[in-house]
Structures are given as C-alpha cells and as structure tokens.
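Report on one structure; see the data block that follows.
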Amino acid sequence: MSGHSKWHSIKHKKAAIDAKRGKIFTKLIKEIMVAARMGGGDPSANARLRTAIEIAKSNNMPNTNIMRAVKKGAGELDGAAYEESTYEGYGPGGAAVMVEVLTDNKNRTTADVRHAFSRFGGNLGEGGCVSWMFDKKGLIQIDKTKIDEEKLFDIALEAGAEDINSEDDYYEVVCEPNLFSDVKKALEDSGVEIENAEVSMIPQNTVKLEGKEAKSLLKLIEVLEDNDDVQNVYSNFDIPDEVMQELE
C-alpha cells in the first residue's frame with residue numbers, strides 16, 4: 001500500500017462541482033469525438049475511445065449522447081473539429097500546472113490560458129517544462145464500506161492493477177492507462193461498486209502551499225476548469241487540511 005497526496009481528493013471534489021454545473025458532459029463529449037476521429041469509431045479497436053466511453057458511463061452520460069458523439073467524431077454526423085493541446089507552466093509557490101484542452105479555436109484558448117496564469121501569479125512555460133513530473137495512470141475509487149480490502153486486492157492485482165492506495169474513506173486502484181478498461185471491467189464483473197473512475201496525471205512529488213499562495217493556486221485552477229475548452233487541470237500542490245478549511 002502506498003500513500004497518496006491530498007491534491008487528488010481536492011480534484012475529486014472539484015469534479016463533483018463541475019458535474020453539478022453540467023460542464024462535465026461537454027468535456028466528455030469532446031474527448032469521445034476526438035478519440036473517435038483519431039482512432040475510429042469502434043471501441044474494441046480504439047483504446048482511447050473505449051476509455052472515454054467508460055468514463056462517460058461512470059458519469060451517468062446517456063448512451064444516446066455517447067453514440068452521437070462517437071458518430072460525430074467518426075465523421076458520420078456533422079460536428080465541430082476539435083484540436084487537442086497541452087499547456088504547461090508554474091503557478092504560485094512554484095507548483096507545476098498542466099492544462100489539457102480540446103478547442104476549435106487555439107488562438108482564443110491560448111490567450112485565455114495565458115491570461116489565467118498571469119492573473120493569479122503563475123507563468124506559462126514551454127512544452128515539456130513540467131510534464132516530466134507526472135505519471136499517467138488509471139484510477140478507480142471504491143468506498144471502503146463496500147468491499148473487504150483483501151478481496152479487492154486479489155481482484156485488482158489479478159486484473160493487472162499495480163497498486164491500491166488506502167485513503168480515509170475509500171480505496172483507490174491504480175493501473176496503467178492501457179489496462180484501465182480491463183481492470184474496471186474485472187471489478188464490475190466481481191460485483192464491486194465503483195464510486196469514480198478516470199485516467200489522470202499523478203505527480204511524482206508535491207509542493208506544500210499555504211496562505212496567499214494556496215488561495216491563488218486554487219483560484220487559478222478554478223478559472224481554468226471553468227473554461228469550456230479545458231478538459232483537465234493537473235497540479236502537484238499539497239495544501240494541509242487545516243489550510244483548506246480556512247480557505248473554504
């Protein structure tokens with residue numbers, strides 16, 4: 001078992017807020033369309049599309065919405081052409097920040113992202129300046145009250161998972177992105193109730209922030225995530241619980 005930084009719990013909290021705003025469906029539809037455009041509309045032959053559909057289903061997106069997005073991406077229906085890009089830089093306190101976007105107007109999105117960094121005391125950098133600090137992993141979250149730890153360990157490892165993190169009230173199964181669908185399916189087939197599932201970027205190390213720096217970084221991430229072109233925001237910050245409570 002290995003420990004896990006607090007930034008990921010914060011990210012889940014912010015994702016729940018996004019879902020209430022109705023933004024999560026927009027982001028998921030864009031990802032499905034791009035995945036289908038790049039690798040075809042058959043999920044069995046397109047790992048990225050298969051993962052995108054799994055995540056959409058875990059967020060309760062209706063099948064009709066999913067299939068429409070697949071067809072648009074594959075060119076069977078008319079739809080906007082989205083381009084994917086990743087922006088990298090440093091936020092307040094030297095925290096690394098990665099921003100994944102899907103946009104139909106790159107000039108507009110670049111200007112928006114650059115403005116957000118500048119507004120909250122960050123600096124947009126060159127490609128690759130912080131991505132080396134992160135590892136891409138599949139993450140599957142399970143309520144501790146729903147399954148025995150030993151049973152979960154056996155199912156997950158047999159399916160190809162590489163680790164299980166134990167948090168306050170949930171377990172988190174970690175796997176390589178290409179095994180995400182297989183591990184998730186194995187858990188579901190075994191009757192395991194999944195709280196949340198995603199492919200994310202996990203920081204190798206964290207930067208502890210407090211006071212104004214912590215507040216500014218959270219505002220930067222909030223503004224970026226509010227942008228409809230932004231799919232995901234990753235950072236390596238670690239804000240102590242007592243500081244988070246003061247900021248809320």
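Ordering of the structure tokens sets the chain letters (A, B, ...), residue numbers begin anew at 1 in every chain, and ligands are numbered from 1 in the order given.
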Residues of stretch 37-196 of chain A in alpha helix (DSSP H), written as number ranges by chain: A: 37-39, 47-58, 63-73, 106-119, 149-159, 180-189
Close residues, stretch 162-170 of chain A itself excluded, 12 Å, only C-alpha atoms, min 2 positions apart in chain, as a PyMOL selection string: chain A and resi 1-6+8-9+137-160+172-177+179-180+183+193-196
Excluding stretch 63-67 of chain A and any residue of its chain fewer than 6 positions from it, enumerate the residues within 10 Å of it, using only C-alpha atoms, and give them as a PyMOL selection string. chain A and resi 25+28-29+32-33+41+52-53+56-57+73
Selected residue, from A:Ala74, A:Ile55, A:Met38, A:Leu224, that lies nearest to A:Lys185 when counting only C-alpha atoms: A:Ile55
As a PyMOL selection string, please: every residue in stretch 13-198 of chain A that DSSP puts in strand (DSSP E). chain A and resi 83-90+96-103+123-124+134-143+163-166+170-175+196-198
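Separating atom CA of A:Leu217 from atom CA of A:Gly121 is a distance of 8.3 Å.
The two atoms in question, atom CA of A:Glu88 and atom CA of A:Ile239, are spaced 20.5 Å apart.
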